[in-house]
$ cat structure-v8.cif   # mmCIF, C-alpha atoms and all ligand atoms
data_protein
#
loop_
_atom_site.label_atom_id
_atom_site.label_comp_id
_atom_site.auth_asym_id
_atom_site.auth_seq_id
_atom_site.Cartn_x
_atom_site.Cartn_y
_atom_site.Cartn_z
CA MET A 448 -26.35 7.17 0.38
CA SER A 449 -24.51 6.85 3.67
CA THR A 450 -20.78 6.20 3.69
CA ILE A 451 -19.36 2.99 5.09
CA SER A 452 -16.13 4.42 6.42
CA PHE A 453 -13.14 2.17 6.87
CA HIS A 454 -12.09 3.19 10.38
CA GLY A 455 -15.10 5.10 11.67
CA TRP A 456 -13.00 6.58 14.46
CA SER A 457 -15.54 9.06 15.79
CA ARG A 458 -18.22 6.37 16.08
CA ARG A 459 -15.79 3.99 17.63
CA TYR A 460 -14.59 6.35 20.33
CA ALA A 461 -17.94 8.00 21.04
CA PRO A 462 -18.83 5.63 23.93
CA ASP A 463 -15.41 6.27 25.52
CA VAL A 464 -15.54 10.06 25.69
CA GLU A 465 -16.74 10.34 29.29
CA ARG A 466 -14.21 7.78 30.45
CA VAL A 467 -11.38 9.61 28.73
CA VAL A 468 -12.39 12.94 30.29
CA GLU A 469 -12.54 11.26 33.70
CA LEU A 470 -9.14 9.63 33.16
CA VAL A 471 -7.54 12.91 32.11
CA ARG A 472 -8.92 14.53 35.26
CA GLU A 473 -7.73 11.67 37.49
CA ILE A 474 -4.27 11.73 35.95
CA GLY A 475 -4.07 15.51 35.88
CA GLU A 476 -4.84 15.66 39.59
CA SER A 477 -2.35 12.92 40.47
CA ASP A 478 1.41 12.82 40.10
CA GLU A 479 1.22 9.76 37.89
CA HIS A 480 1.89 10.53 34.26
CA ILE A 481 4.35 8.05 32.79
CA LEU A 482 5.33 4.47 33.76
CA LYS A 483 3.32 4.50 36.95
CA SER A 484 0.58 2.35 38.48
CA ARG A 485 -1.69 2.06 35.41
CA VAL A 486 1.21 0.97 33.20
CA ALA A 487 2.23 -1.59 35.82
CA ALA A 488 -1.38 -2.84 36.07
CA LEU A 489 -1.61 -3.17 32.29
CA GLU A 490 1.68 -5.08 32.23
CA ASP A 491 0.27 -7.44 34.87
CA GLU A 492 -2.95 -7.91 32.88
CA VAL A 493 -1.11 -8.64 29.63
CA ALA A 494 1.26 -11.05 31.37
CA ALA A 495 -1.73 -12.83 32.93
CA ALA A 496 -3.69 -12.89 29.65
CA THR A 497 -0.78 -14.33 27.66
CA GLY A 498 0.94 -16.37 30.37
CA ALA A 499 4.19 -14.55 29.54
CA GLY A 500 6.72 -14.31 32.35
CA HIS A 501 7.31 -10.61 31.69
CA ALA A 502 5.41 -7.81 30.02
CA VAL A 503 7.01 -4.41 29.47
CA GLY A 504 4.88 -1.48 28.35
CA CYS A 505 6.37 0.96 25.87
CA ALA A 506 5.51 3.71 23.42
CA SER A 507 4.47 1.69 20.34
CA GLY A 508 4.75 -1.63 18.55
CA THR A 509 7.67 -0.22 16.58
CA GLY A 510 9.28 0.78 19.87
CA ALA A 511 8.70 -2.72 21.25
CA LEU A 512 10.50 -4.32 18.28
CA THR A 513 13.32 -1.78 18.51
CA LEU A 514 13.78 -2.48 22.22
CA ILE A 515 13.95 -6.26 21.70
CA LEU A 516 16.34 -6.06 18.76
CA SER A 517 18.55 -3.57 20.60
CA ALA A 518 18.51 -5.79 23.69
CA LEU A 519 19.74 -8.71 21.58
CA GLY A 520 22.97 -6.75 21.07
CA LEU A 521 23.08 -7.01 17.28
CA ASN A 522 26.16 -5.60 15.61
CA ALA A 523 26.85 -4.03 12.22
CA GLY A 524 27.08 -6.86 9.74
CA ASP A 525 24.60 -9.05 11.63
CA GLU A 526 21.56 -10.08 9.62
CA VAL A 527 17.95 -10.67 10.55
CA VAL A 528 15.61 -12.52 8.18
CA THR A 529 12.21 -10.87 7.82
CA PRO A 530 9.30 -11.03 5.35
CA ALA A 531 9.41 -8.98 2.16
CA PHE A 532 5.73 -8.20 2.73
CA SER A 533 4.79 -6.57 6.04
CA PHE A 534 4.45 -3.22 7.74
CA ILE A 535 7.68 -1.20 7.55
CA SER A 536 8.50 -1.77 11.24
CA SER A 537 9.27 -5.45 10.69
CA ALA A 538 12.33 -4.32 8.74
CA SER A 539 13.08 -0.75 9.83
CA THR A 540 13.56 -1.82 13.45
CA ILE A 541 16.28 -4.26 12.35
CA ALA A 542 18.12 -1.39 10.69
CA LEU A 543 17.48 0.86 13.72
CA ALA A 544 19.14 -1.78 15.93
CA GLY A 545 22.23 -1.61 13.71
CA ALA A 546 21.76 -4.85 11.75
CA ARG A 547 20.78 -5.64 8.18
CA PRO A 548 17.31 -6.80 7.18
CA VAL A 549 17.44 -9.78 4.84
CA PHE A 550 14.15 -10.30 3.05
CA ALA A 551 12.45 -13.57 2.19
CA ASP A 552 9.23 -14.17 0.31
CA VAL A 553 5.89 -14.91 1.96
CA ASP A 554 3.37 -17.71 1.73
CA GLU A 555 0.66 -16.88 -0.78
CA HIS A 556 -2.24 -18.02 1.45
CA THR A 557 -1.23 -16.43 4.74
CA GLY A 558 0.94 -13.57 3.45
CA THR A 559 3.44 -14.37 6.20
CA LEU A 560 7.10 -15.42 6.13
CA ASP A 561 7.55 -18.61 4.12
CA PRO A 562 9.76 -20.93 6.22
CA VAL A 563 11.36 -22.46 3.11
CA ALA A 564 12.24 -19.03 1.74
CA ALA A 565 13.44 -17.99 5.20
CA GLU A 566 15.74 -20.99 5.37
CA ALA A 567 17.25 -20.10 2.01
CA ALA A 568 17.91 -16.58 3.33
CA VAL A 569 19.78 -17.77 6.43
CA GLY A 570 23.54 -17.35 6.13
CA SER A 571 26.60 -17.21 8.34
CA ALA A 572 25.78 -13.63 9.45
CA THR A 573 22.17 -14.40 10.41
CA ARG A 574 21.44 -13.81 14.09
CA ALA A 575 17.66 -13.84 14.24
CA LEU A 576 14.39 -14.49 12.44
CA LEU A 577 11.66 -11.87 12.63
CA PRO A 578 8.38 -13.26 11.22
CA ALA A 579 5.24 -11.12 11.40
CA HIS A 580 1.63 -12.18 11.79
CA LEU A 581 -0.49 -10.15 9.41
CA PHE A 582 -4.21 -9.43 8.87
CA SER A 583 -5.17 -12.20 11.34
CA CYS A 584 -3.02 -14.86 9.66
CA ALA A 585 -0.24 -16.31 11.78
CA ALA A 586 3.25 -17.06 10.57
CA ASP A 587 4.24 -20.73 10.69
CA MET A 588 5.90 -20.43 14.08
CA ALA A 589 6.50 -24.17 14.50
CA ALA A 590 8.57 -24.37 11.29
CA LEU A 591 10.32 -21.12 12.09
CA ARG A 592 11.16 -22.36 15.58
CA ARG A 593 12.71 -25.48 14.07
CA LEU A 594 14.70 -23.29 11.71
CA SER A 595 15.90 -20.96 14.47
CA ASP A 596 16.86 -23.90 16.70
CA ALA A 597 18.76 -25.59 13.86
CA HIS A 598 20.86 -22.47 13.26
CA ASP A 599 21.03 -21.18 16.83
CA LEU A 600 19.10 -18.00 15.98
CA ARG A 601 16.89 -15.80 18.13
CA LEU A 602 13.22 -15.84 17.15
CA VAL A 603 11.47 -12.49 17.50
CA GLU A 604 7.71 -12.69 16.95
CA ASP A 605 6.20 -9.60 15.40
CA SER A 606 2.79 -10.20 16.92
CA ALA A 607 2.05 -6.45 16.88
CA VAL A 608 -1.35 -7.07 15.30
CA SER A 609 -2.31 -10.21 17.22
CA PHE A 610 -3.26 -9.33 20.78
CA GLY A 611 -5.89 -11.85 21.84
CA ALA A 612 -5.13 -14.38 19.08
CA THR A 613 -3.88 -17.91 19.56
CA VAL A 614 -1.27 -19.56 17.39
CA ASN A 615 -0.87 -23.34 17.63
CA HIS A 616 -3.08 -23.20 20.77
CA LYS A 617 -0.75 -20.70 22.46
CA PRO A 618 -1.30 -16.96 22.91
CA ALA A 619 0.23 -14.96 20.07
CA GLY A 620 3.42 -13.31 21.19
CA THR A 621 4.56 -16.29 23.26
CA LEU A 622 5.90 -18.47 20.44
CA GLY A 623 9.21 -16.72 19.93
CA ASP A 624 11.94 -15.65 22.35
CA ALA A 625 10.01 -12.40 22.64
CA GLY A 626 6.84 -10.98 21.13
CA VAL A 627 5.30 -7.54 20.78
CA PHE A 628 1.92 -5.87 20.74
CA SER A 629 0.87 -2.61 19.15
CA PHE A 630 -2.00 -0.73 20.73
CA PHE A 631 -2.32 1.72 17.84
CA PRO A 632 -6.05 2.52 17.58
CA GLY A 633 -6.57 0.33 14.49
CA LYS A 634 -5.18 -2.79 16.14
CA PRO A 635 -7.14 -5.64 17.81
CA LEU A 636 -6.75 -3.91 21.18
CA GLY A 637 -6.80 -0.27 20.15
CA GLY A 638 -5.64 2.49 22.49
CA ILE A 639 -6.26 6.22 22.64
CA GLY A 640 -2.92 6.93 20.96
CA ASP A 641 0.33 5.09 20.34
CA ALA A 642 1.39 2.41 22.81
CA GLY A 643 3.01 -1.02 22.72
CA MET A 644 4.23 -3.94 24.80
CA VAL A 645 7.04 -6.48 24.84
CA ILE A 646 6.36 -9.94 26.25
CA THR A 647 8.94 -12.61 26.98
CA ASP A 648 9.80 -15.43 29.36
CA ASP A 649 13.45 -14.40 29.28
CA GLY A 650 14.08 -12.44 32.48
CA ASP A 651 17.42 -10.99 31.34
CA LEU A 652 15.93 -9.83 28.05
CA ALA A 653 12.95 -8.29 29.89
CA LEU A 654 15.25 -6.36 32.26
CA THR A 655 17.32 -5.05 29.36
CA VAL A 656 14.14 -4.00 27.53
CA ARG A 657 12.93 -2.23 30.70
CA MET A 658 16.20 -0.35 30.91
CA LEU A 659 16.34 0.51 27.22
CA ARG A 660 12.79 1.94 27.21
CA ASN A 661 13.87 4.49 29.82
CA HIS A 662 17.31 5.82 28.84
CA GLY A 663 19.25 2.76 29.98
CA GLN A 664 18.33 3.22 33.64
CA ARG A 665 17.65 0.22 35.85
CA PRO A 666 14.06 0.37 37.23
CA GLY A 667 14.04 2.52 40.39
CA GLN A 668 17.51 3.95 39.75
CA ARG A 669 17.30 7.41 38.24
CA PHE A 670 20.13 9.18 36.45
CA LEU A 671 22.46 6.20 36.40
CA HIS A 672 22.63 5.16 32.75
CA GLU A 673 24.12 1.73 32.17
CA ARG A 674 23.19 1.53 28.50
CA VAL A 675 22.47 3.84 25.63
CA GLY A 676 18.70 3.69 25.77
CA PHE A 677 15.63 5.35 24.34
CA ASN A 678 12.69 7.34 25.55
CA CYS A 679 10.16 4.65 24.63
CA ARG A 680 7.83 4.83 27.63
CA MET A 681 4.12 4.29 27.97
CA ASP A 682 2.02 7.05 29.50
CA GLU A 683 -0.66 6.62 32.11
CA LEU A 684 -3.49 7.88 29.91
CA SER A 685 -2.78 5.19 27.33
CA ALA A 686 -2.50 2.53 30.01
CA GLY A 687 -5.68 3.66 31.78
CA PHE A 688 -7.62 3.64 28.53
CA LEU A 689 -6.27 0.20 27.58
CA LEU A 690 -7.13 -1.26 30.99
CA GLU A 691 -10.71 -0.23 30.32
CA ALA A 692 -10.66 -1.44 26.68
CA LEU A 693 -9.38 -4.84 27.81
CA LYS A 694 -12.70 -5.47 29.54
CA ASP A 695 -14.59 -5.78 26.28
CA HIS A 696 -11.73 -6.88 24.09
CA ALA A 697 -13.02 -10.44 23.78
CA ALA A 698 -16.47 -9.22 22.72
CA VAL A 699 -14.99 -6.81 20.16
CA LEU A 700 -12.83 -9.60 18.70
CA GLU A 701 -15.86 -11.85 18.50
CA ALA A 702 -17.87 -9.17 16.69
CA ARG A 703 -15.07 -8.73 14.17
CA ARG A 704 -14.80 -12.49 13.62
CA GLU A 705 -18.54 -12.67 13.00
CA ARG A 706 -18.32 -9.92 10.38
CA ALA A 707 -15.32 -11.63 8.76
CA GLN A 708 -17.40 -14.80 8.55
CA TRP A 709 -20.23 -12.87 6.83
CA TYR A 710 -17.75 -11.61 4.25
CA GLU A 711 -16.40 -15.15 3.84
CA GLU A 712 -19.88 -16.49 3.03
CA ARG A 713 -20.60 -13.75 0.51
CA LEU A 714 -17.20 -13.41 -1.16
CA ARG A 715 -15.86 -16.97 -1.39
CA PRO A 716 -18.07 -17.69 -4.44
CA LEU A 717 -16.26 -14.88 -6.28
CA SER A 718 -12.89 -16.65 -6.12
CA PRO A 719 -10.57 -16.34 -8.05
CA ASP A 720 -11.59 -12.75 -8.89
CA VAL A 721 -11.73 -12.11 -5.17
CA VAL A 722 -9.66 -14.36 -2.92
CA PRO A 723 -10.79 -13.98 0.70
CA PRO A 724 -8.37 -14.64 3.58
CA PRO A 725 -8.17 -18.24 4.82
CA ALA A 726 -11.50 -19.20 6.40
CA ASP A 727 -12.12 -20.27 10.01
CA PHE A 728 -11.55 -17.22 12.14
CA ALA A 729 -11.61 -19.05 15.48
CA GLY A 730 -8.75 -17.86 17.64
CA ARG A 731 -7.74 -15.16 15.21
CA ALA A 732 -7.57 -11.44 15.94
CA VAL A 733 -9.29 -10.09 12.85
CA TYR A 734 -8.49 -6.38 13.01
CA THR A 735 -8.84 -5.92 9.26
CA TYR A 736 -10.28 -7.96 6.41
CA VAL A 737 -7.92 -8.12 3.45
CA VAL A 738 -8.84 -9.84 0.18
CA ARG A 739 -6.89 -10.26 -3.02
CA ALA A 740 -8.72 -8.74 -5.96
CA THR A 741 -8.19 -8.62 -9.68
CA ARG A 742 -8.65 -5.18 -11.28
CA ARG A 743 -8.09 -3.66 -7.86
CA ALA A 744 -7.98 0.01 -8.82
CA GLU A 745 -11.27 -0.25 -10.73
CA LEU A 746 -12.88 -2.19 -7.90
CA ARG A 747 -11.86 0.46 -5.38
CA LYS A 748 -13.27 3.20 -7.60
CA HIS A 749 -16.52 1.25 -7.98
CA LEU A 750 -16.77 0.86 -4.19
CA ALA A 751 -15.83 4.50 -3.52
CA GLU A 752 -18.60 5.64 -5.87
CA ARG A 753 -20.97 3.66 -3.68
CA GLY A 754 -19.70 5.26 -0.48
CA ILE A 755 -17.54 2.33 0.59
CA GLU A 756 -14.05 3.14 1.83
CA THR A 757 -11.20 0.68 1.34
CA VAL A 758 -7.51 0.77 2.20
CA ILE A 759 -4.47 -0.89 0.65
CA TYR A 760 -2.18 -2.76 3.04
CA TYR A 761 0.51 -2.45 1.66
CA PRO A 762 1.00 -0.99 -1.79
CA ARG A 763 4.75 -1.64 -1.98
CA PRO A 764 6.71 -4.59 -0.59
CA LEU A 765 9.57 -3.88 1.76
CA HIS A 766 12.42 -4.88 -0.54
CA LEU A 767 11.27 -2.24 -3.05
CA GLN A 768 10.96 0.58 -0.52
CA PRO A 769 13.29 3.49 -1.29
CA VAL A 770 14.76 3.30 2.20
CA PHE A 771 16.15 -0.18 1.43
CA ALA A 772 17.38 0.59 -2.11
CA HIS A 773 20.98 0.31 -0.89
CA LEU A 774 20.38 -3.36 -0.08
CA GLY A 775 20.22 -4.04 -3.82
CA TYR A 776 16.97 -6.00 -4.12
CA ARG A 777 15.26 -5.97 -7.52
CA GLU A 778 11.68 -6.20 -8.70
CA GLY A 779 10.74 -9.82 -9.42
CA GLU A 780 12.85 -11.21 -6.57
CA PHE A 781 9.91 -11.92 -4.24
CA PRO A 782 6.97 -12.62 -6.55
CA VAL A 783 4.40 -13.43 -3.86
CA ALA A 784 5.14 -10.28 -1.86
CA GLU A 785 4.93 -8.24 -5.04
CA ARG A 786 1.66 -9.86 -6.06
CA LEU A 787 0.05 -9.20 -2.66
CA SER A 788 1.11 -5.57 -2.94
CA ARG A 789 -0.62 -5.37 -6.31
CA GLU A 790 -3.81 -7.24 -5.37
CA ASN A 791 -4.53 -6.71 -1.66
CA VAL A 792 -7.41 -4.54 -0.61
CA ALA A 793 -8.88 -4.17 2.87
CA LEU A 794 -12.66 -3.92 3.32
CA PRO A 795 -14.39 -2.17 6.22
CA LEU A 796 -14.59 -4.47 9.26
CA ARG A 797 -15.71 -2.33 12.15
CA PRO A 798 -17.42 -4.16 15.00
CA ASP A 799 -20.36 -1.76 14.78
CA LEU A 800 -21.13 -2.61 11.12
CA SER A 801 -24.43 -4.40 10.66
CA ARG A 802 -25.17 -7.43 8.51
CA ASP A 803 -26.82 -4.99 6.07
CA ASP A 804 -23.63 -2.94 5.87
CA ILE A 805 -21.52 -6.02 5.12
CA ASP A 806 -24.12 -7.13 2.55
CA ARG A 807 -23.97 -3.71 0.95
CA VAL A 808 -20.18 -4.07 0.51
CA ALA A 809 -20.54 -7.64 -0.75
CA ASP A 810 -23.38 -6.69 -3.17
CA ALA A 811 -21.24 -3.91 -4.62
CA ILE A 812 -18.35 -6.34 -5.14
CA HIS A 813 -20.65 -8.88 -6.80
CA GLU A 814 -22.04 -6.14 -9.00
CA PHE A 815 -18.50 -5.19 -10.04
CA TYR A 816 -17.56 -8.71 -11.04
CA GLY A 817 -20.87 -9.17 -12.80
CA ALA A 818 -22.39 -11.87 -10.61
CA ARG A 819 -25.02 -11.99 -7.92
CA ALA A 820 -25.11 -14.13 -4.79
C1 LIG B 1 3.09 -6.19 11.52
C2 LIG B 1 3.31 -4.92 12.27
N1 LIG B 1 4.41 -4.79 13.04
C3 LIG B 1 4.65 -3.67 13.74
C4 LIG B 1 3.77 -2.60 13.73
C5 LIG B 1 4.12 -1.36 14.47
O1 LIG B 1 3.23 -1.00 15.48
P1 LIG B 1 3.06 0.56 15.87
O2 LIG B 1 2.24 1.22 14.83
O3 LIG B 1 2.39 0.52 17.21
O4 LIG B 1 4.43 1.15 15.96
C6 LIG B 1 2.61 -2.69 12.96
C7 LIG B 1 1.67 -1.56 12.91
O5 LIG B 1 0.94 -1.37 11.95
C8 LIG B 1 2.37 -3.88 12.20
O6 LIG B 1 1.29 -3.99 11.42
#

$ encode --input "structure-v8.cif" --output "structure tokens" --more "lines below"
Ligand SMILES: Cc1ncc(COP(=O)(O)O)c(C=O)c1O
Amino acid sequence: MSTISFHGWSRRYAPDVERVVELVREIGESDEHILKSRVAALEDEVAAATGAGHAVGCASGTGALTLILSALGLNAGDEVVTPAFSFISSASTIALAGARPVFADVDEHTGTLDPVAAEAAVGSATRALLPAHLFSCAADMAALRRLSDAHDLRLVEDSAVSFGATVNHKPAGTLGDAGVFSFFPGKPLGGIGDAGMVITDDGDLALTVRMLRNHGQRPGQRFLHERVGFNCRMDELSAGFLLEALKDHAAVLEARRERAQWYEERLRPLSPDVVPPPADFAGRAVYTYVVRATRRAELRKHLAERGIETVIYYPRPLHLQPVFAHLGYREGEFPVAERLSRENVALPLRPDLSRDDIDRVADAIHEFYGARA
């Protein structure tokens, strides 16, 4: 029985090997290693693809969020409202920028920041909202924009996982004051290592982000440090690889959407034992396919015994992470976030999986819940 691996990295990168070798040679023989022409070209491509006024390449999605939040000039005591259920960066970067993450529960269908809960979390110390799109579902940016406008808050869009998606008919990343992309290999546009990008229409913010990514130096002015910055730069190998990957990004996204649709057809009948993500994948960047499942641990064991790898995103909500224990949140405070942490399970969704592979996963899930479809 062959294994259906979750990531299938070696398969995925196999067609790129020659290109990577060629790129390493090109870069090795040039004097362009970091923040040079390929990074600038990638920034231009991302700005053009999203319509953003400015795109600033950096070392990771986490770095991109850190740069934006640092550029906003948050102070100790300032608060930023963020979902209780997300990847750690949506909250850790707030703390890294010197402010306090304030958690709010998420919507049970999309798993993203619930605008009503967010509103209840806004107080006199709130400076910004930081919603995150997750697993191809977008946060309700229209409601969150209304909320941020009403309270004069900055709106930072954690669109790390959404390159190539549209939200309310606009490119993801362009609905807040600034957005980010992660090019971690598992993301919709996956790189050869860690890399990220900030996009914004705010020229002052973009300049500050550019300075902060490179030790607080103004572009073109070395060894004059106007701010306490970071080393959060993008290298030329990452940028060169991503420029190439961009060429078939649309086709890869389409292949993933098609596979998500196959799962939808097979798994929807199993609801409520298995609750698939909201249907209609048009315009969504489906980098992973996450369902809610009862008896999750047993289901995963059943699938593993049949050679099917699954992953849990994420087993513990942010407010219950040890690193935030000092903030004083308690279990039971954000029931939806806690439930998603208990029930979520991600199924393999590689673009190279065949209809038979997806059927094999779906058959095994039907077998587990004692039904056939
Ligand atoms: C919602 C979200 N935000 C931010 C990040 C951070 O991106 P990176 O891994 O490139 O630092 C991730 C990565 O998983 C993410 O899922």

$ atom_distance --input "structure-v8.cif" --atom1 "atom CA of Ile481 of chain A" --atom2 "atom CA of Leu684 of chain A"
8.4 Å

$ atom_distance --input "structure-v8.cif" --atom1 "atom CA of Ile759 of chain A" --atom2 "atom CA of Leu796 of chain A"
13.8 Å

$ residues_around --input "structure-v8.cif" --residues "segment 712-717 of chain A" --least-positions-apart "6" --cutoff "12 Å" --atoms "all atoms listed in the file" --output "count of residues only"
31

$ atom_distance --input "structure-v8.cif" --atom1 "atom CA of Val722 of chain A" --atom2 "atom CA of Gly455 of chain A"
24.9 Å

$ residues_near_ligand --input "structure-v8.cif" --ligand "ligand LIG 1 (chain B)" --cutoff "7 Å" --atoms "all atoms listed in the file" --output "ChimeraX atom specification"
/A:507-510,533-534,536-537,579-581,605-608,629-631,641-643

$ closest_residue --input "structure-v8.cif" --among "A:Glu785, A:Asn791, A:Ala565, A:Tyr734" --to "Thr757 of chain A" --atoms "all atoms listed in the file"
A:Asn791

$ closest_residue --input "structure-v8.cif" --among "A:Ser801, A:Gln664, A:Asn615, A:Thr621" --to "Gly730 of chain A" --atoms "only C-alpha atoms"
A:Asn615

$ closest_atom_pairs --input "structure-v8.cif" --of "segment 480-572 of chain A" --to "segment 693-703 of chain A" --cutoff "12 Å" --atoms "all atoms listed in the file" --output "CSV"
residue,atom,partner,partner_atom,distance
A:Ala488,CA,A:Leu693,CA,11.7
A:Leu489,CA,A:Leu693,CA,9.1
A:Glu490,CA,A:Leu693,CA,11.9
A:Glu492,CA,A:Leu693,CA,8.7
A:Val493,CA,A:Leu693,CA,9.3
A:Ala496,CA,A:Leu693,CA,10.0

$ closest_residue --input "structure-v8.cif" --among "A:Arg459, A:Asp599, A:Glu683, A:Val614" --to "Arg472 of chain A" --atoms "only C-alpha atoms"
A:Glu683

$ residues_around --input "structure-v8.cif" --residues "Leu519 of chain A" --least-positions-apart "4" --cutoff "9 Å" --atoms "only C-alpha atoms" --output "ChimeraX atom specification"
/A:514-515,544,601,652,655

$ residues_around --input "structure-v8.cif" --residues "Phe677 of chain A" --least-positions-apart "4" --cutoff "7 Å" --atoms "only C-alpha atoms" --output "ChimeraX atom specification"
/A:659-662

$ residues_near_point --input "structure-v8.cif" --point "(-14.2, 2.9, 25.2)" --cutoff "12 Å" --atoms "all atoms listed in the file" --output "ChimeraX atom specification"
/A:456-468,470,632,636-639,685,687-696,699

$ closest_residue --input "structure-v8.cif" --among "A:Thr450, A:Ser539, A:Ala494, A:Arg547" --to "Gln768 of chain A" --atoms "all atoms listed in the file"
A:Ser539

$ residues_around --input "structure-v8.cif" --residues "Arg704 of chain A" --least-positions-apart "3" --cutoff "8 Å" --atoms "all atoms listed in the file" --output "list in words"
Leu700, Glu701, Ala707, Gln708, Phe728, Ala729, Arg731, Ala732 and Val733 of chain A

$ residues_around --input "structure-v8.cif" --residues "Thr559 of chain A" --least-positions-apart "6" --cutoff "10 Å" --atoms "all atoms listed in the file" --output "VMD selection string"
chain A and resid 529 to 533 551 to 553 578 to 582 584 to 587 784

$ closest_residue --input "structure-v8.cif" --among "A:Arg797, A:Val603, A:Gly640, A:Leu787" --to "Asp682 of chain A" --atoms "only C-alpha atoms"
A:Gly640

$ axis_aligned_box --input "structure-v8.cif" --around "segment 539-552 of chain A" --padding-each-side "5 Å" --output "JSON"
{"center_x": 15.7, "center_y": -6.7, "center_z": 8.1, "size_x": 23.0, "size_y": 25.0, "size_z": 25.6}

$ decode --input "structure-v8.cif" --residues "segment 506-519 of chain A" --atoms "N, CA and C atoms" --output "compact mmCIF listing (two decimals), in the first residue's frame"
# COMPACT_ATOMS: atom_id res chain seq x y z
N ALA A 506 12.24 38.31 5.16
CA ALA A 506 12.74 36.96 5.43
C ALA A 506 11.66 35.92 5.67
N SER A 507 10.46 36.33 6.06
CA SER A 507 9.39 35.36 6.34
C SER A 507 8.08 36.11 6.54
N GLY A 508 7.00 35.35 6.64
CA GLY A 508 5.71 35.97 6.96
C GLY A 508 5.72 36.55 8.37
N THR A 509 6.35 35.82 9.27
CA THR A 509 6.48 36.32 10.65
C THR A 509 7.27 37.62 10.65
N GLY A 510 8.35 37.64 9.87
CA GLY A 510 9.14 38.88 9.76
C GLY A 510 8.30 40.01 9.20
N ALA A 511 7.48 39.71 8.21
CA ALA A 511 6.64 40.75 7.58
C ALA A 511 5.69 41.36 8.61
N LEU A 512 5.05 40.51 9.42
CA LEU A 512 4.15 41.04 10.46
C LEU A 512 4.94 41.85 11.49
N THR A 513 6.10 41.35 11.86
CA THR A 513 6.92 42.07 12.86
C THR A 513 7.32 43.44 12.34
N LEU A 514 7.68 43.50 11.07
CA LEU A 514 8.10 44.78 10.48
C LEU A 514 6.94 45.77 10.49
N ILE A 515 5.76 45.32 10.08
CA ILE A 515 4.60 46.23 10.05
C ILE A 515 4.28 46.73 11.46
N LEU A 516 4.18 45.79 12.40
CA LEU A 516 3.78 46.18 13.76
C LEU A 516 4.84 47.08 14.39
N SER A 517 6.10 46.83 14.09
CA SER A 517 7.16 47.70 14.61
C SER A 517 7.07 49.07 13.97
N ALA A 518 6.76 49.09 12.67
CA ALA A 518 6.66 50.37 11.95
C ALA A 518 5.49 51.20 12.47
N LEU A 519 4.47 50.55 13.01
CA LEU A 519 3.32 51.30 13.54
C LEU A 519 3.69 52.03 14.84
